[in-house]
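**Student:** Below is work-v2.txt; it holds compact mmCIF, C-alpha atoms and all ligand atoms.
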# COMPACT_ATOMS: atom_id res chain seq x y z
CA MET A 22 14.65 -1.58 -19.54
CA ILE A 23 11.51 0.58 -19.33
CA ARG A 24 10.43 -0.14 -22.86
CA SER A 25 9.38 3.34 -23.91
CA VAL A 26 9.92 6.70 -22.23
CA LEU A 27 8.13 9.82 -23.43
CA ALA A 28 10.00 13.07 -22.66
CA LEU A 29 8.03 16.31 -22.84
CA LEU A 30 11.22 18.37 -22.83
CA ASP A 31 15.01 18.20 -22.96
CA ILE A 32 15.80 18.29 -19.22
CA ARG A 33 19.54 18.87 -19.91
CA PRO A 34 21.30 17.68 -23.06
CA VAL A 35 23.73 15.33 -21.27
CA HIS A 36 20.97 13.79 -19.18
CA THR A 37 18.55 13.43 -22.07
CA ARG A 38 21.35 11.53 -23.84
CA LEU A 39 21.78 9.30 -20.80
CA ILE A 40 18.06 8.47 -20.86
CA ALA A 41 18.24 7.75 -24.61
CA GLU A 42 21.19 5.37 -24.05
CA ARG A 43 19.32 3.43 -21.37
CA HIS A 44 15.75 3.50 -22.63
CA ASP A 45 13.72 3.74 -25.82
CA LEU A 46 13.27 7.54 -25.67
CA HIS A 47 10.67 9.53 -27.60
CA ARG A 48 10.88 13.32 -27.54
CA TYR A 49 7.23 14.43 -27.53
CA ASP A 50 8.24 18.07 -27.97
CA LEU A 51 9.93 17.20 -31.30
CA ILE A 52 7.16 14.98 -32.70
CA GLU A 53 5.17 16.80 -35.36
CA ASP A 54 2.07 14.63 -35.61
CA LYS A 55 1.50 14.02 -31.92
CA GLN A 56 -1.91 12.37 -32.35
CA LYS A 57 -0.53 9.83 -34.84
CA PHE A 58 2.32 9.07 -32.45
CA LEU A 59 -0.14 8.50 -29.60
CA ASP A 60 -2.38 6.31 -31.81
CA ASP A 61 0.60 4.18 -32.87
CA MET A 62 2.71 4.17 -29.72
CA GLY A 63 0.52 5.29 -26.81
CA ASP A 64 0.11 1.79 -25.37
CA GLN A 65 3.87 1.22 -25.30
CA ILE A 66 4.79 4.24 -23.17
CA ARG A 67 5.66 3.18 -19.61
CA ALA A 68 7.28 6.37 -18.32
CA ILE A 69 7.00 10.13 -18.78
CA VAL A 70 9.76 12.65 -18.22
CA THR A 71 8.28 16.08 -17.63
CA SER A 72 8.88 19.22 -15.58
CA ALA A 73 7.04 21.36 -13.05
CA ARG A 74 6.38 23.80 -15.89
CA PHE A 75 4.91 21.26 -18.35
CA GLY A 76 3.23 18.83 -15.97
CA VAL A 77 1.19 16.11 -17.68
CA PRO A 78 -1.92 17.24 -19.59
CA ALA A 79 -4.96 15.09 -18.71
CA ASP A 80 -5.70 14.26 -22.37
CA LEU A 81 -2.13 13.00 -22.84
CA MET A 82 -2.26 10.84 -19.72
CA ALA A 83 -5.60 9.39 -20.86
CA GLN A 84 -3.96 8.13 -24.06
CA LEU A 85 -1.18 6.23 -22.27
CA PRO A 86 -2.99 3.16 -20.88
CA ASN A 87 0.18 1.42 -19.69
CA LEU A 88 1.86 4.40 -18.05
CA GLU A 89 3.62 3.31 -14.85
CA VAL A 90 5.67 6.28 -13.76
CA ILE A 91 6.04 10.07 -14.13
CA THR A 92 9.43 11.57 -13.29
CA SER A 93 9.24 15.34 -13.06
CA PHE A 94 12.09 17.86 -13.20
CA GLY A 95 11.25 20.37 -10.45
CA VAL A 96 9.31 20.27 -7.22
CA GLY A 97 5.95 21.90 -8.03
CA HIS A 98 3.33 19.34 -9.06
CA ASP A 99 0.30 21.56 -9.59
CA LEU A 100 0.16 20.55 -13.29
CA ILE A 101 0.06 16.81 -12.56
CA ASP A 102 -3.27 15.33 -11.47
CA LEU A 103 -2.02 13.33 -8.48
CA GLU A 104 -5.49 11.96 -7.69
CA ALA A 105 -5.78 10.56 -11.22
CA CYS A 106 -2.30 9.05 -10.82
CA ARG A 107 -3.27 7.41 -7.52
CA ALA A 108 -6.46 6.06 -9.07
CA ARG A 109 -4.48 4.46 -11.91
CA GLY A 110 -1.56 3.30 -9.76
CA ILE A 111 0.87 5.60 -11.58
CA ARG A 112 3.87 6.57 -9.44
CA VAL A 113 5.25 10.12 -9.51
CA SER A 114 8.62 11.58 -8.50
CA THR A 115 9.92 15.17 -8.29
CA THR A 116 13.36 16.67 -7.52
CA PRO A 117 13.03 18.17 -4.02
CA ASP A 118 15.77 19.53 -1.72
CA ILE A 119 18.52 19.94 -4.33
CA LEU A 120 16.91 23.15 -5.60
CA THR A 121 16.01 24.58 -2.20
CA ASP A 122 19.17 26.69 -1.74
CA ASP A 123 19.04 28.35 -5.17
CA VAL A 124 15.33 29.11 -4.89
CA ALA A 125 15.77 30.57 -1.39
CA ASP A 126 18.75 32.62 -2.63
CA THR A 127 16.55 33.98 -5.41
CA ALA A 128 13.89 35.09 -2.93
CA ILE A 129 16.54 36.90 -0.89
CA MET A 130 18.03 38.41 -4.05
CA LEU A 131 14.60 39.72 -5.14
CA MET A 132 13.93 41.07 -1.64
CA HIS A 133 17.16 43.08 -1.57
CA ALA A 134 16.83 44.14 -5.21
CA THR A 135 13.31 45.43 -4.57
CA LEU A 136 14.01 47.27 -1.30
CA ARG A 137 17.39 48.66 -2.40
CA GLN A 138 16.19 49.70 -5.88
CA LEU A 139 18.86 47.66 -7.65
CA LEU A 140 17.44 48.12 -11.14
CA ALA A 141 16.95 51.88 -10.72
CA GLY A 142 20.49 52.09 -9.37
CA ASP A 143 21.88 50.19 -12.34
CA ASP A 144 20.02 52.52 -14.67
CA TRP A 145 21.22 55.58 -12.70
CA VAL A 146 24.81 54.53 -13.40
CA ARG A 147 24.42 53.32 -17.01
CA SER A 148 22.31 56.20 -18.26
CA GLY A 149 24.72 58.86 -16.97
CA LYS A 150 22.13 60.24 -14.50
CA TRP A 151 24.66 59.78 -11.70
CA ALA A 152 27.12 62.18 -13.33
CA ALA A 153 24.39 64.53 -14.56
CA LYS A 154 22.09 64.67 -11.52
CA GLY A 155 24.19 63.48 -8.57
CA PRO A 156 23.24 60.78 -6.04
CA MET A 157 20.09 58.72 -6.55
CA ALA A 158 17.23 58.90 -4.04
CA LEU A 159 17.77 56.78 -0.93
CA ALA A 160 16.36 53.25 -0.74
CA ARG A 161 14.90 51.28 2.18
CA THR A 162 16.77 49.01 4.61
CA VAL A 163 15.96 45.35 5.24
CA ARG A 164 17.13 45.49 8.85
CA GLY A 165 14.35 45.59 11.41
CA ARG A 166 11.60 44.57 8.99
CA LYS A 167 9.03 41.86 9.50
CA LEU A 168 9.19 39.07 6.93
CA GLY A 169 6.00 37.04 6.47
CA ILE A 170 6.43 33.70 4.71
CA VAL A 171 3.46 31.96 3.10
CA GLY A 172 4.34 28.24 3.20
CA LEU A 173 7.12 27.40 5.65
CA GLY A 174 8.28 24.23 3.88
CA ARG A 175 11.77 23.36 2.68
CA ILE A 176 12.18 26.57 0.65
CA GLY A 177 10.31 28.77 3.14
CA GLN A 178 12.57 27.60 5.99
CA ALA A 179 15.69 28.18 3.87
CA ILE A 180 14.45 31.72 3.16
CA ALA A 181 13.90 32.33 6.88
CA SER A 182 17.36 31.11 7.84
CA ARG A 183 18.96 33.35 5.22
CA ALA A 184 16.90 36.42 6.13
CA ILE A 185 17.42 36.34 9.90
CA PRO A 186 21.12 37.30 9.72
CA SER A 187 19.98 40.42 7.79
CA GLY A 188 18.10 41.50 10.91
CA VAL A 189 14.50 40.63 10.07
CA GLU A 190 11.84 39.08 12.27
CA VAL A 191 10.08 36.07 10.70
CA GLY A 192 6.41 35.11 10.80
CA TYR A 193 4.57 32.56 8.65
CA PHE A 194 1.22 31.32 7.46
CA GLY A 195 0.53 27.74 6.42
CA ARG A 196 -1.72 24.78 6.91
CA SER A 197 0.00 23.77 10.11
CA LYS A 198 2.10 25.23 12.91
CA LYS A 199 5.72 24.09 12.74
CA ALA A 200 8.19 23.32 15.51
CA VAL A 201 10.01 26.64 15.05
CA ASP A 202 10.25 29.86 17.04
CA TYR A 203 8.82 32.06 14.28
CA LYS A 204 5.43 33.68 14.84
CA PHE A 205 2.61 31.54 13.37
CA PHE A 206 -0.49 33.09 11.77
CA ASP A 207 -3.49 30.95 10.90
CA ASP A 208 -4.90 33.80 8.83
CA LEU A 209 -3.19 35.23 5.74
CA VAL A 210 -4.65 38.74 6.11
CA ALA A 211 -3.33 38.86 9.69
CA LEU A 212 0.14 37.79 8.46
CA ALA A 213 0.05 40.49 5.76
CA GLU A 214 -1.00 43.14 8.31
CA TRP A 215 1.97 42.17 10.50
CA SER A 216 4.46 41.93 7.60
CA ASP A 217 6.59 44.50 5.79
CA ILE A 218 7.75 41.87 3.29
CA LEU A 219 5.45 39.04 2.21
CA VAL A 220 7.28 36.10 0.60
CA LEU A 221 5.29 33.39 -1.17
CA ALA A 222 6.81 29.90 -0.95
CA CYS A 223 3.77 27.60 -0.98
CA PRO A 224 2.65 25.24 -3.77
CA GLY A 225 0.47 26.40 -6.65
CA GLY A 226 -2.78 24.62 -7.59
CA ALA A 227 -6.42 24.91 -6.63
CA ALA A 228 -5.88 25.19 -2.85
CA THR A 229 -3.73 28.32 -3.12
CA LYS A 230 -5.21 29.95 -6.23
CA GLY A 231 -5.52 33.69 -5.70
CA ILE A 232 -5.01 33.52 -1.91
CA VAL A 233 -2.94 36.71 -2.11
CA ASN A 234 -5.92 38.87 -3.06
CA GLN A 235 -6.96 42.50 -2.74
CA ALA A 236 -7.63 42.14 1.01
CA VAL A 237 -4.15 40.70 1.59
CA LEU A 238 -2.51 43.47 -0.46
CA ASP A 239 -4.52 46.14 1.39
CA ALA A 240 -3.38 44.62 4.69
CA LEU A 241 0.27 44.58 3.58
CA GLY A 242 -0.02 48.29 2.95
CA ARG A 243 1.76 51.17 1.25
CA ALA A 244 5.27 50.36 2.52
CA GLY A 245 4.91 46.62 1.94
CA ILE A 246 6.52 44.48 -0.74
CA VAL A 247 5.63 41.06 -2.16
CA ILE A 248 8.23 38.51 -3.23
CA ASN A 249 6.92 35.55 -5.24
CA ILE A 250 9.01 32.47 -6.01
CA ALA A 251 6.00 30.11 -5.59
CA ARG A 252 3.61 30.21 -8.56
CA GLY A 253 1.91 33.06 -10.40
CA SER A 254 -1.46 31.52 -9.57
CA VAL A 255 -1.00 32.16 -5.83
CA ILE A 256 -1.54 35.91 -6.42
CA ASP A 257 -4.64 37.50 -7.90
CA GLU A 258 -2.49 39.07 -10.61
CA PRO A 259 -4.86 41.84 -11.77
CA ALA A 260 -5.18 42.91 -8.11
CA LEU A 261 -1.38 42.88 -7.76
CA ILE A 262 -0.91 45.03 -10.86
CA ARG A 263 -3.50 47.53 -9.62
CA ALA A 264 -1.85 47.59 -6.19
CA LEU A 265 1.54 48.32 -7.76
CA GLN A 266 0.06 51.00 -10.03
CA ASP A 267 -1.90 52.88 -7.38
CA GLY A 268 0.58 52.54 -4.50
CA THR A 269 -1.51 50.14 -2.40
CA ILE A 270 1.85 48.36 -1.90
CA ALA A 271 5.36 49.70 -2.48
CA GLY A 272 6.80 47.06 -4.79
CA ALA A 273 7.30 43.45 -5.78
CA GLY A 274 10.03 41.02 -6.78
CA LEU A 275 8.60 38.31 -9.01
CA ASP A 276 10.07 35.10 -10.41
CA VAL A 277 6.70 33.59 -11.40
CA PHE A 278 3.65 34.87 -13.25
CA ASP A 279 0.34 33.87 -14.76
CA ASN A 280 0.60 32.78 -18.37
CA GLU A 281 4.40 32.40 -18.52
CA PRO A 282 6.26 33.35 -20.64
CA ASN A 283 3.62 35.66 -22.18
CA ILE A 284 3.17 37.69 -19.03
CA ASP A 285 0.87 40.67 -18.61
CA PRO A 286 2.60 43.58 -20.43
CA ALA A 287 1.55 45.92 -17.59
CA PHE A 288 4.46 44.57 -15.53
CA ALA A 289 7.00 46.03 -17.96
CA GLN A 290 5.53 49.50 -17.45
CA LEU A 291 6.03 49.44 -13.67
CA ASP A 292 9.22 50.79 -12.12
CA ASN A 293 8.48 49.33 -8.66
CA VAL A 294 8.86 45.68 -9.69
CA VAL A 295 11.89 43.47 -10.21
CA LEU A 296 11.11 40.81 -12.80
CA TYR A 297 12.90 37.47 -13.15
CA PRO A 298 12.05 34.80 -15.77
CA HIS A 299 11.09 31.81 -13.54
CA LEU A 300 14.75 31.03 -13.03
CA ALA A 301 14.88 30.54 -9.26
CA SER A 302 16.40 27.06 -9.61
CA GLY A 303 18.16 28.07 -12.83
CA THR A 304 21.84 27.53 -12.11
CA VAL A 305 23.91 25.06 -14.08
CA GLU A 306 24.79 23.17 -10.92
CA THR A 307 21.24 22.80 -9.64
CA ARG A 308 19.69 22.05 -13.01
CA ASP A 309 22.33 19.34 -13.59
CA ALA A 310 21.59 17.83 -10.18
CA MET A 311 17.84 17.93 -10.87
CA ALA A 312 18.33 16.26 -14.27
CA GLN A 313 20.54 13.57 -12.71
CA LEU A 314 17.83 12.84 -10.14
CA VAL A 315 15.30 12.39 -12.96
CA VAL A 316 17.69 9.89 -14.59
CA ASP A 317 18.27 8.13 -11.26
CA ASN A 318 14.54 7.89 -10.56
CA LEU A 319 13.96 6.29 -13.97
CA ASP A 320 16.82 3.84 -13.36
CA ALA A 321 15.54 3.01 -9.88
CA TRP A 322 12.09 2.30 -11.30
CA ASP A 323 13.62 0.17 -14.02
CA GLU A 324 15.93 -1.81 -11.76
CA ARG A 325 13.83 -2.32 -8.64
CA GLY A 326 10.37 -0.86 -9.24
CA ALA A 327 10.96 1.91 -6.70
CA LEU A 328 11.45 5.67 -6.90
CA ILE A 329 14.10 7.65 -4.98
CA THR A 330 11.99 10.78 -4.41
CA PRO A 331 8.35 9.70 -4.79
CA ILE A 332 5.40 11.96 -4.07
CA VAL A 333 2.86 9.32 -5.13
P1 LIG A 401 7.34 21.97 0.56
O1 LIG A 401 8.52 21.60 1.38
O2 LIG A 401 6.30 20.95 0.30
O3 LIG A 401 6.68 23.26 1.27
C1 LIG A 401 5.45 23.77 0.91
C2 LIG A 401 4.90 24.55 2.09
O4 LIG A 401 3.68 25.17 1.69
C3 LIG A 401 4.61 23.68 3.31
O5 LIG A 401 5.02 24.36 4.46
C4 LIG A 401 3.08 23.58 3.30
O6 LIG A 401 2.53 23.54 4.60
C5 LIG A 401 2.69 24.89 2.68
N1 LIG A 401 1.36 24.79 2.08
C6 LIG A 401 0.83 23.77 1.38
N2 LIG A 401 -0.43 24.06 1.02
C7 LIG A 401 -0.70 25.28 1.52
C8 LIG A 401 -1.83 26.10 1.50
N3 LIG A 401 -2.96 25.69 0.89
N4 LIG A 401 -1.75 27.30 2.10
C9 LIG A 401 -0.62 27.71 2.71
N5 LIG A 401 0.50 26.95 2.78
C10 LIG A 401 0.45 25.76 2.19
O7 LIG A 401 7.78 22.49 -0.86
P2 LIG A 401 9.08 23.33 -1.24
O8 LIG A 401 10.13 22.42 -1.75
O9 LIG A 401 9.41 24.28 -0.15
O10 LIG A 401 8.51 24.12 -2.51
C11 LIG A 401 7.43 25.03 -2.33
C12 LIG A 401 6.92 25.54 -3.66
O11 LIG A 401 7.88 26.41 -4.24
C13 LIG A 401 6.69 24.48 -4.74
O12 LIG A 401 5.47 23.81 -4.58
C14 LIG A 401 6.74 25.30 -6.01
O13 LIG A 401 5.44 25.77 -6.33
C15 LIG A 401 7.64 26.47 -5.63
N6 LIG A 401 8.92 26.39 -6.35
C16 LIG A 401 9.23 27.36 -7.23
C17 LIG A 401 10.42 27.31 -7.92
C18 LIG A 401 10.79 28.39 -8.91
O14 LIG A 401 11.58 28.12 -9.82
N7 LIG A 401 10.29 29.59 -8.76
C19 LIG A 401 11.29 26.25 -7.72
C20 LIG A 401 10.95 25.27 -6.79
C21 LIG A 401 9.75 25.35 -6.11
P3 LIG A 401 2.35 22.16 5.41
O15 LIG A 401 3.75 21.78 5.80
O16 LIG A 401 1.53 22.52 6.55
O17 LIG A 401 1.73 21.20 4.47
Is it possible to give me this structure as structure tokens?

**Tutor:**
Amino acid sequence: MIRSVLALLDIRPVHTRLIAERHDLHRYDLIEDKQKFLDDMGDQIRAIVTSARFGVPADLMAQLPNLEVITSFGVGHDLIDLEACRARGIRVSTTPDILTDDVADTAIMLMHATLRQLLAGDDWVRSGKWAAKGPMALARTVRGRKLGIVGLGRIGQAIASRAIPSGVEVGYFGRSKKAVDYKFFDDLVALAEWSDILVLACPGGAATKGIVNQAVLDALGRAGIVINIARGSVIDEPALIRALQDGTIAGAGLDVFDNEPNIDPAFAQLDNVVLYPHLASGTVETRDAMAQLVVDNLDAWDERGALITPIV
């Protein structure tokens, strides 16, 4: 038994119960006096359960001297200091692959919703404008467009394979050229210039902070759209809002934002964006599978000192 597990969230009720049955579980999110808990119990915590959204704050990690393992619910690890983990010999796992399909589906959903004006269409029907004013203005087709993917990893490749049957051509930008037939760009501005639709599917964190900046949005141009299922930090958000307001680009479909869930209120005033509440992996089936993998990683660590899906 891993003596004490500190959970920063309830991953899924059933799975949190499973962890509590197998380990001595402490729910950090429910503890009122967190500092007292850390003073009393910090040296007993061997494992953390967290998520891509919560990560592990540096000051928390510093107060857990015997921490052995971090099991995270989600695949992004920009809020976990992996270098600090390596330095302390702390192992880290995430939940890759099992969320890839739902996240890629979300990118495709946002792409179609943005180009085909799904929200305006819904409003046209509900508000009675259809009956009062006749047909809504025409939207834009996906077919024949160029789709530029930033980060052709597991999710990026799943997006490409879903988009191609819709008649798009795929290009990508990333740190390395992949063994695929899609057009590779080693420069993000050049990819944006080539693209009609720019989809962000790379990790967040310092290396990608603000890489989709004013120059990239200018290059994408007035008919271009941005789809972001990566992290809010990948886009220079003030530049994106300006570009949406002044028509530098045509629209955006966004699952992720800076400062979630208290996002910039300017987004709600824009009628050329489709907004989604960071729910790309948010289906019951996928979230259950992710939670089970967190449980299985903890058990694997407990039973044989190994992780099933380690990243460190
Ligand atoms: P992955 O397989 O590791 O793919 C990441 C891709 O990004 C790789 O192709 C990588 O290129 C590329 N990349 C890494 N650093 C880069 C940089 N500095 N500039 C450009 N490209 C870079 O990960 P994944 O499973 O596809 O997930 C990708 C990201 O999606 C996650 O990190 C997370 O932020 C986001 N995500 C979001 C949600 C959501 O709910 N919205 C859910 C899951 C994941 P190389 O192969 O050359 O290293």

**Student:** Could you give me the residues within 9 Å of ligand LIG 401 (chain A), counting only C-alpha atoms and all ligand atoms, as a ChimeraX atom specification?

**Tutor:** /A:73,95-99,116-118,120-121,123-125,127-128,171-179,194-199,209,221-230,232,249-252,275-277,298-303

**Student:** Name the residues in contact with A:Ala260 at a cut-off of 8 Å, using only C-alpha atoms, excluding same-chain residues fewer than 3 positions from it; report them as a PyMOL selection string.

**Tutor:** chain A and resi 234-235+257+263-264

**Student:** Go through A:Val90, A:Ala83, A:Val210, A:Val35 one by one, measure the shortest atom-to-atom distance of each to A:Asp309 using all atoms listed in the file, and give the residue with the smallest value.

**Tutor:** A:Val35

**Student:** Give the centre and edge lengths of an axis-aligned box, in Å to one decimal, that holds all listed atoms of stretch 91-100 of chain A with 4 Å on each side, as JSON.

**Tutor:**
{"center_x": 6.1, "center_y": 16.0, "center_z": -10.7, "size_x": 19.9, "size_y": 19.8, "size_z": 14.9}

**Student:** Using all atoms listed in the file, which residues sit within 8 Å of A:Tyr203 once same-chain residues fewer than 4 positions away are excluded, as a PDB file with C-alpha atoms, in the frame of the given file?

**Tutor:**
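Generated file (selection16.pdb):
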ATOM      1  CA  GLU A 190      11.840  39.080  12.270  1.00  0.00           C
ATOM      2  CA  VAL A 191      10.080  36.070  10.700  1.00  0.00           C
ATOM      3  CA  GLY A 192       6.410  35.110  10.800  1.00  0.00           C
ATOM      4  CA  TYR A 193       4.570  32.560   8.650  1.00  0.00           C
TER       5      TYR A 193
END

**Student:** Mind giving me the straight-line distance from atom CA of A:Asp320 to atom CA of A:Thr92 in Å, one decimal?

**Tutor:**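 That distance, rounded to one decimal, is 10.7 Å.
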
**Student:** Rounded to one decimal, what separation in Å do you get between atom CA of A:Ala200 and atom CA of A:Leu212?

**Tutor:**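 Result for atom CA of A:Ala200 versus atom CA of A:Leu212: 18.0 Å, one decimal.
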
**Student:** Which one is closest to A:Pro34: A:Ala240, A:Met62, A:Ile329, A:Val305? Count only C-alpha atoms.

**Tutor:**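 Looking only at the distances to A:Pro34, the closest residue turns out to be A:Val305.
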
**Student:** Name the residues in contact with A:Asp50 at a cut-off of 12 Å, using only C-alpha atoms, excluding same-chain residues fewer than 6 positions from it; report them as a PyMOL selection string.

**Tutor:** chain A and resi 27-32+58+70-71+75

**Student:** Would you compute the distance between atom CA of A:Ile91 and atom CA of A:Ala68? Give it in Å to one decimal.

**Tutor:** 5.7 Å

**Student:** Nearest residue to A:Val255 out of A:Asp239, A:Gly231, A:Val77, A:Leu131, using all atoms listed in the file?

**Tutor:** A:Gly231

**Student:** Around the point (2.6, 46.3, -2.1) (coordinates from the file), which residues reach within 6 Å if we count all atoms listed in the file? Answer as a PyMOL selection string.

**Tutor:** chain A and resi 243+245-246+269-272

**Student:** Have a look at A:Lys150, A:Arg33, A:Arg74, A:Arg38 and name the one nearest to A:Phe278; count all atoms listed in the file.

**Tutor:**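 Of A:Lys150, A:Arg33, A:Arg74, A:Arg38, the one nearest A:Phe278 is A:Arg74, counting all atoms listed in the file.
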
**Student:** Tell me which of A:Val247, A:Leu328, A:Ile185, A:Val316 sits closest to A:Ile40, counting only C-alpha atoms.

**Tutor:** A:Val316

**Student:** In terms of the shortest atom-to-atom distance over only C-alpha atoms, which of A:Leu46, A:Ala236, A:Ile180, A:Gly274 is closest to A:Met132?

**Tutor:**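 Comparing A:Leu46, A:Ala236, A:Ile180, A:Gly274 against A:Met132, the winner is A:Gly274.
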
**Student:** I'd like the contact shell of A:Val163 - 8 Å cut-off, only C-alpha atoms, skipping same-chain residues fewer than 4 positions apart - returned as a list in words.

**Tutor:**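 The neighbour list is His133, Leu136, Ser187, Gly188 and Val189 of chain A.
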
**Student:** Would you mind writing stretch 120-131 of chain A with N, CA, C and O atoms, as a PDB file, in the frame of the given file?

**Tutor:**
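What landed in out-v1.pdb:
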ATOM      1  N   LEU A 120      17.100  21.794  -5.071  1.00  0.00           N
ATOM      2  CA  LEU A 120      16.910  23.150  -5.600  1.00  0.00           C
ATOM      3  C   LEU A 120      16.597  24.173  -4.514  1.00  0.00           C
ATOM      4  O   LEU A 120      16.522  25.372  -4.773  1.00  0.00           O
ATOM      5  N   THR A 121      16.455  23.703  -3.289  1.00  0.00           N
ATOM      6  CA  THR A 121      16.010  24.580  -2.200  1.00  0.00           C
ATOM      7  C   THR A 121      16.926  25.802  -2.030  1.00  0.00           C
ATOM      8  O   THR A 121      16.454  26.944  -1.921  1.00  0.00           O
ATOM      9  N   ASP A 122      18.244  25.574  -2.003  1.00  0.00           N
ATOM     10  CA  ASP A 122      19.170  26.690  -1.740  1.00  0.00           C
ATOM     11  C   ASP A 122      19.080  27.763  -2.826  1.00  0.00           C
ATOM     12  O   ASP A 122      19.019  28.954  -2.524  1.00  0.00           O
ATOM     13  N   ASP A 123      19.082  27.340  -4.090  1.00  0.00           N
ATOM     14  CA  ASP A 123      19.040  28.350  -5.170  1.00  0.00           C
ATOM     15  C   ASP A 123      17.723  29.118  -5.175  1.00  0.00           C
ATOM     16  O   ASP A 123      17.693  30.323  -5.448  1.00  0.00           O
ATOM     17  N   VAL A 124      16.631  28.427  -4.885  1.00  0.00           N
ATOM     18  CA  VAL A 124      15.330  29.110  -4.890  1.00  0.00           C
ATOM     19  C   VAL A 124      15.264  30.100  -3.720  1.00  0.00           C
ATOM     20  O   VAL A 124      14.822  31.247  -3.878  1.00  0.00           O
ATOM     21  N   ALA A 125      15.756  29.665  -2.552  1.00  0.00           N
ATOM     22  CA  ALA A 125      15.770  30.570  -1.390  1.00  0.00           C
ATOM     23  C   ALA A 125      16.696  31.767  -1.670  1.00  0.00           C
ATOM     24  O   ALA A 125      16.360  32.910  -1.336  1.00  0.00           O
ATOM     25  N   ASP A 126      17.847  31.508  -2.276  1.00  0.00           N
ATOM     26  CA  ASP A 126      18.750  32.620  -2.630  1.00  0.00           C
ATOM     27  C   ASP A 126      18.043  33.616  -3.546  1.00  0.00           C
ATOM     28  O   ASP A 126      18.226  34.828  -3.423  1.00  0.00           O
ATOM     29  N   THR A 127      17.255  33.091  -4.471  1.00  0.00           N
ATOM     30  CA  THR A 127      16.550  33.980  -5.410  1.00  0.00           C
ATOM     31  C   THR A 127      15.545  34.864  -4.673  1.00  0.00           C
ATOM     32  O   THR A 127      15.422  36.062  -4.976  1.00  0.00           O
ATOM     33  N   ALA A 128      14.841  34.282  -3.709  1.00  0.00           N
ATOM     34  CA  ALA A 128      13.890  35.090  -2.930  1.00  0.00           C
ATOM     35  C   ALA A 128      14.618  36.217  -2.201  1.00  0.00           C
ATOM     36  O   ALA A 128      14.152  37.368  -2.187  1.00  0.00           O
ATOM     37  N   ILE A 129      15.764  35.878  -1.612  1.00  0.00           N
ATOM     38  CA  ILE A 129      16.540  36.900  -0.890  1.00  0.00           C
ATOM     39  C   ILE A 129      17.068  37.951  -1.866  1.00  0.00           C
ATOM     40  O   ILE A 129      17.037  39.154  -1.595  1.00  0.00           O
ATOM     41  N   MET A 130      17.543  37.489  -3.014  1.00  0.00           N
ATOM     42  CA  MET A 130      18.030  38.410  -4.050  1.00  0.00           C
ATOM     43  C   MET A 130      16.920  39.392  -4.468  1.00  0.00           C
ATOM     44  O   MET A 130      17.137  40.602  -4.550  1.00  0.00           O
ATOM     45  N   LEU A 131      15.719  38.854  -4.710  1.00  0.00           N
ATOM     46  CA  LEU A 131      14.600  39.720  -5.140  1.00  0.00           C
ATOM     47  C   LEU A 131      14.195  40.674  -4.021  1.00  0.00           C
ATOM     48  O   LEU A 131      13.832  41.833  -4.284  1.00  0.00           O
TER      49      LEU A 131
END
